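Right, one structure below, let's go through it.
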Amino acid sequence: MSRLYGERHRALQDRFETRKLADRVEEAVVKTAIGKGDKAFIESRDMFFLSSIDHQGRPTVSYKGGDPGFVKVIDEQTVVFPSYDGNGMFFSMGNIAGNAEVGLLFIDFETPNRVRLQGRAAVSADDPLITEYQEAELIVRVQVSEIWTNCPRYVHRYQKVAPSRYVPRAACDTPLAEWKRIDMLQDVLPPKDQGRTEKAGGTISMQEWAENARAGKG
C-alpha cells in the first residue's frame, strides 16, 4: 500500500499511464527516516518553505530563514527549527497548534538540489533547545513521516548575495524590522518594541515602506 498516493493521485497516474513509474519512484526514494546525507543537506540550508493548514482547512506556505544550521536534525525522526520575531500574526505557529500536519521543502538554488519532508509538528515555548537560538520565541519539533529527494530539473540556479541582517545573532543587536516603523502601527506594537522606532530613524508611511520593500531596501 502506498504511503503517498490516494484515489485522486491514482486517477491521474492512470490517465497519463504513470502508475508503475509512480510506484517505482516511491519505492526507490521515499524514506521514513532521515539519512546522513539528508541531515547534512538540511543543516546546511539557510532557508526553507513551510506548509501548514489553517483553521479553515486551507493550505498555507511560508518562508523560514536563518543562518545555516538553524534547522537541526536531532535524530533520524526529528527536525527542530526556531520561530523568530515576525509580524505578530503567528500564522504558521497557530496553524500547527491546530493541525500538526506540515510539509517542509529545502532547496539549494546554486547546485541545485531539493529535499521534501512530511511530518507532524508541535510548537513549544519551553523546549530545552530554545536557549540555543538567539531571540527565538518558540521551537517547532517535527516528527518525520516521509522524506525524499526531489528531481531538481525545474529549479532555477541562483546565487546568494548576502545574508539577512535581521537574523538574530549573538555577536550583534538585531535591527528593528523596517515595517515596525510604519506610523499607523506605532500604537499597536508589542511592549518589547515600544520606543525603538525613534532610535531606528523615526516613523515612515505605509507608502514609503512599500516602495522600500519593492526596491529590496527593507
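Chain identifiers are assigned as A, B, and so on, following the order in which chains appear in the C-alpha cells; residues are numbered from 1 within each chain, and ligands are numbered from 1 in order of appearance.
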A:Pro68 environment, 8 Å, only C-alpha atoms, sequence neighbours closer than 2 positions dropped, as a PDB file with N, CA and C atoms, in the first residue's frame:
```pdb
ATOM      1  N   GLU A  43      20.820  20.659   7.333  1.00  0.00           N
ATOM      2  CA  GLU A  43      21.525  21.544   8.265  1.00  0.00           C
ATOM      3  C   GLU A  43      22.434  22.546   7.563  1.00  0.00           C
ATOM      4  N   SER A  44      22.631  22.373   6.269  1.00  0.00           N
ATOM      5  CA  SER A  44      23.426  23.347   5.505  1.00  0.00           C
ATOM      6  C   SER A  44      22.570  24.477   4.943  1.00  0.00           C
ATOM      7  N   ARG A  45      21.245  24.318   5.020  1.00  0.00           N
ATOM      8  CA  ARG A  45      20.342  25.300   4.422  1.00  0.00           C
ATOM      9  C   ARG A  45      20.137  26.504   5.330  1.00  0.00           C
ATOM     10  N   ASP A  46      19.972  27.690   4.708  1.00  0.00           N
ATOM     11  CA  ASP A  46      19.680  28.911   5.461  1.00  0.00           C
ATOM     12  C   ASP A  46      18.237  29.370   5.244  1.00  0.00           C
ATOM     13  N   MET A  47      17.435  28.529   4.576  1.00  0.00           N
ATOM     14  CA  MET A  47      16.018  28.833   4.390  1.00  0.00           C
ATOM     15  C   MET A  47      15.278  27.569   3.989  1.00  0.00           C
ATOM     16  N   GLY A  66      17.165  31.755   8.263  1.00  0.00           N
ATOM     17  CA  GLY A  66      18.083  31.905   9.386  1.00  0.00           C
ATOM     18  C   GLY A  66      19.493  31.664   8.895  1.00  0.00           C
ATOM     19  N   PHE A  70      20.261  26.593  11.372  1.00  0.00           N
ATOM     20  CA  PHE A  70      19.122  26.956  12.216  1.00  0.00           C
ATOM     21  C   PHE A  70      18.064  25.860  12.230  1.00  0.00           C
ATOM     22  N   VAL A  71      18.075  24.988  11.231  1.00  0.00           N
ATOM     23  CA  VAL A  71      17.268  23.774  11.278  1.00  0.00           C
ATOM     24  C   VAL A  71      18.188  22.647  11.732  1.00  0.00           C
TER      25      VAL A  71
END
```
Write out as an NGL selection string all residues of stretch 6-160 of chain A that DSSP puts in alpha helix (DSSP H) for this structure's backbone. :A and (7-15 or 19-29 or 36-44 or 91-98)
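Closest approach to A:Pro175 among A:Ala200, A:Val80, A:Val73, A:Ala122 is made by A:Ala200 (distances from only C-alpha atoms).
With only C-alpha atoms taken into account, the protein and nucleic acid residues at most 10 Å from A:Asp126 (excluding it and anything under 4 positions from it in its own chain) are Ile130, Thr131, Glu137, Leu138 and Ile139 of chain A.
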Atoms to include: N, CA and C atoms. Write the selected residues as a PDB file, in the first residue's frame.
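And here's again_1.pdb as it stands now:
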```pdb
ATOM      1  N   ILE A 130      15.429  25.891  23.098  1.00  0.00           N
ATOM      2  CA  ILE A 130      15.160  27.302  22.825  1.00  0.00           C
ATOM      3  C   ILE A 130      16.335  28.190  23.229  1.00  0.00           C
ATOM      4  N   THR A 131      17.106  27.749  24.211  1.00  0.00           N
ATOM      5  CA  THR A 131      18.261  28.545  24.657  1.00  0.00           C
ATOM      6  C   THR A 131      19.405  28.523  23.644  1.00  0.00           C
ATOM      7  N   GLU A 137      11.386  32.770  19.870  1.00  0.00           N
ATOM      8  CA  GLU A 137      10.174  32.871  20.677  1.00  0.00           C
ATOM      9  C   GLU A 137       9.543  31.506  20.932  1.00  0.00           C
ATOM     10  N   LEU A 138       9.658  30.637  19.952  1.00  0.00           N
ATOM     11  CA  LEU A 138       9.094  29.303  20.041  1.00  0.00           C
ATOM     12  C   LEU A 138      10.017  28.315  19.329  1.00  0.00           C
ATOM     13  N   ILE A 139       9.857  27.045  19.657  1.00  0.00           N
ATOM     14  CA  ILE A 139      10.578  25.991  18.968  1.00  0.00           C
ATOM     15  C   ILE A 139       9.557  25.041  18.356  1.00  0.00           C
TER      16      ILE A 139
END
```
Need the shell around A:Thr60: protein/DNA/RNA residues with any atom at most 8 Å away, counting only C-alpha atoms. Skip same-chain ones fewer than 5 positions apart. Format as a PDB file with C-alpha atoms, in the first residue's frame?
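Okay, this is what ended up in around04.pdb:
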```pdb
ATOM      1  CA  SER A  51       3.452  24.359   4.520  1.00  0.00           C
ATOM      2  CA  SER A  52       0.777  24.232   7.207  1.00  0.00           C
ATOM      3  CA  ILE A  53      -3.024  24.043   7.372  1.00  0.00           C
ATOM      4  CA  ASP A  54      -5.190  26.790   8.844  1.00  0.00           C
ATOM      5  CA  SER A  92       2.169  29.219  10.796  1.00  0.00           C
TER       6      SER A  92
END
```
Quick one: everything within 6 Å of A:Arg181, counting only C-alpha atoms, minus sequence neighbours fewer than 5 positions away in the same chain. Send it as a VMD selection string. chain A and resid 197 203 to 204
Dump of N, CA and C atoms for the selected residues, as a PDB file, in the first residue's frame:
```pdb
ATOM      1  N   THR A 197      11.304  52.757  17.584  1.00  0.00           N
ATOM      2  CA  THR A 197      11.169  53.408  16.278  1.00  0.00           C
ATOM      3  C   THR A 197      12.025  54.659  16.179  1.00  0.00           C
ATOM      4  N   THR A 203       9.439  57.378  12.312  1.00  0.00           N
ATOM      5  CA  THR A 203       8.364  56.706  11.588  1.00  0.00           C
ATOM      6  C   THR A 203       8.456  56.930  10.083  1.00  0.00           C
ATOM      7  N   ILE A 204       7.837  56.022   9.354  1.00  0.00           N
ATOM      8  CA  ILE A 204       7.713  56.138   7.906  1.00  0.00           C
ATOM      9  C   ILE A 204       6.253  55.830   7.548  1.00  0.00           C
TER      10      ILE A 204
END
```
Name all residues at most 12 Å from A:Gly216 (count only C-alpha atoms; drop same-chain ones fewer than 5 positions away) and give them as JSON, numbers by chain. {"A": [164, 178, 209, 210, 211]}
Return as number ranges by chain the full set of residues in stretch 25-204 of chain A whose backbone-based DSSP assignment is strand (DSSP E). A: 47-53, 59-65, 72-75, 78-83, 101-108, 113-124, 138-150
Extract, using only C-alpha atoms, all DNA, RNA and protein residues at most 10 Å from A:His156, discarding same-chain residues fewer than 5 positions from it, and format them as an MDAnalysis selection string. chainID A and resid 108:112
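Nearest to A:Ala177 of all the residues A:Gln159, A:Thr149, A:Gln134, A:Asn87 is A:Asn87, based on only C-alpha atoms.
Distance-wise, atom CA of A:Gly201 and atom CA of A:Phe91 end up 28.8 Å apart.
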Each residue of stretch 84-177 of chain A with at least one atom at most 9 Å from stretch 22-42 of chain A should appear once, together with its nearest atom pair and the corresponding distance in Å (one decimal); atoms considered: only C-alpha atoms; ordering: chain, then increasing residue number; output as JSON lines.
```
{"residue": "A:Phe106", "atom": "CA", "partner": "A:Ile42", "partner_atom": "CA", "distance": 6.7}
{"residue": "A:Ile107", "atom": "CA", "partner": "A:Ile42", "partner_atom": "CA", "distance": 8.8}
{"residue": "A:Asp108", "atom": "CA", "partner": "A:Phe41", "partner_atom": "CA", "distance": 8.6}
{"residue": "A:Arg114", "atom": "CA", "partner": "A:Phe41", "partner_atom": "CA", "distance": 8.8}
{"residue": "A:Val115", "atom": "CA", "partner": "A:Asp38", "partner_atom": "CA", "distance": 7.7}
{"residue": "A:Val144", "atom": "CA", "partner": "A:Thr32", "partner_atom": "CA", "distance": 6.8}
{"residue": "A:Ser145", "atom": "CA", "partner": "A:Thr32", "partner_atom": "CA", "distance": 5.4}
{"residue": "A:Glu146", "atom": "CA", "partner": "A:Thr32", "partner_atom": "CA", "distance": 4.6}
{"residue": "A:Ile147", "atom": "CA", "partner": "A:Lys31", "partner_atom": "CA", "distance": 5.3}
{"residue": "A:Trp148", "atom": "CA", "partner": "A:Val30", "partner_atom": "CA", "distance": 4.8}
{"residue": "A:Thr149", "atom": "CA", "partner": "A:Val29", "partner_atom": "CA", "distance": 6.7}
{"residue": "A:Asn150", "atom": "CA", "partner": "A:Val29", "partner_atom": "CA", "distance": 8.6}
```
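Atom CA of A:Ile74 is positioned 10.4 Å from atom CA of A:Leu129.
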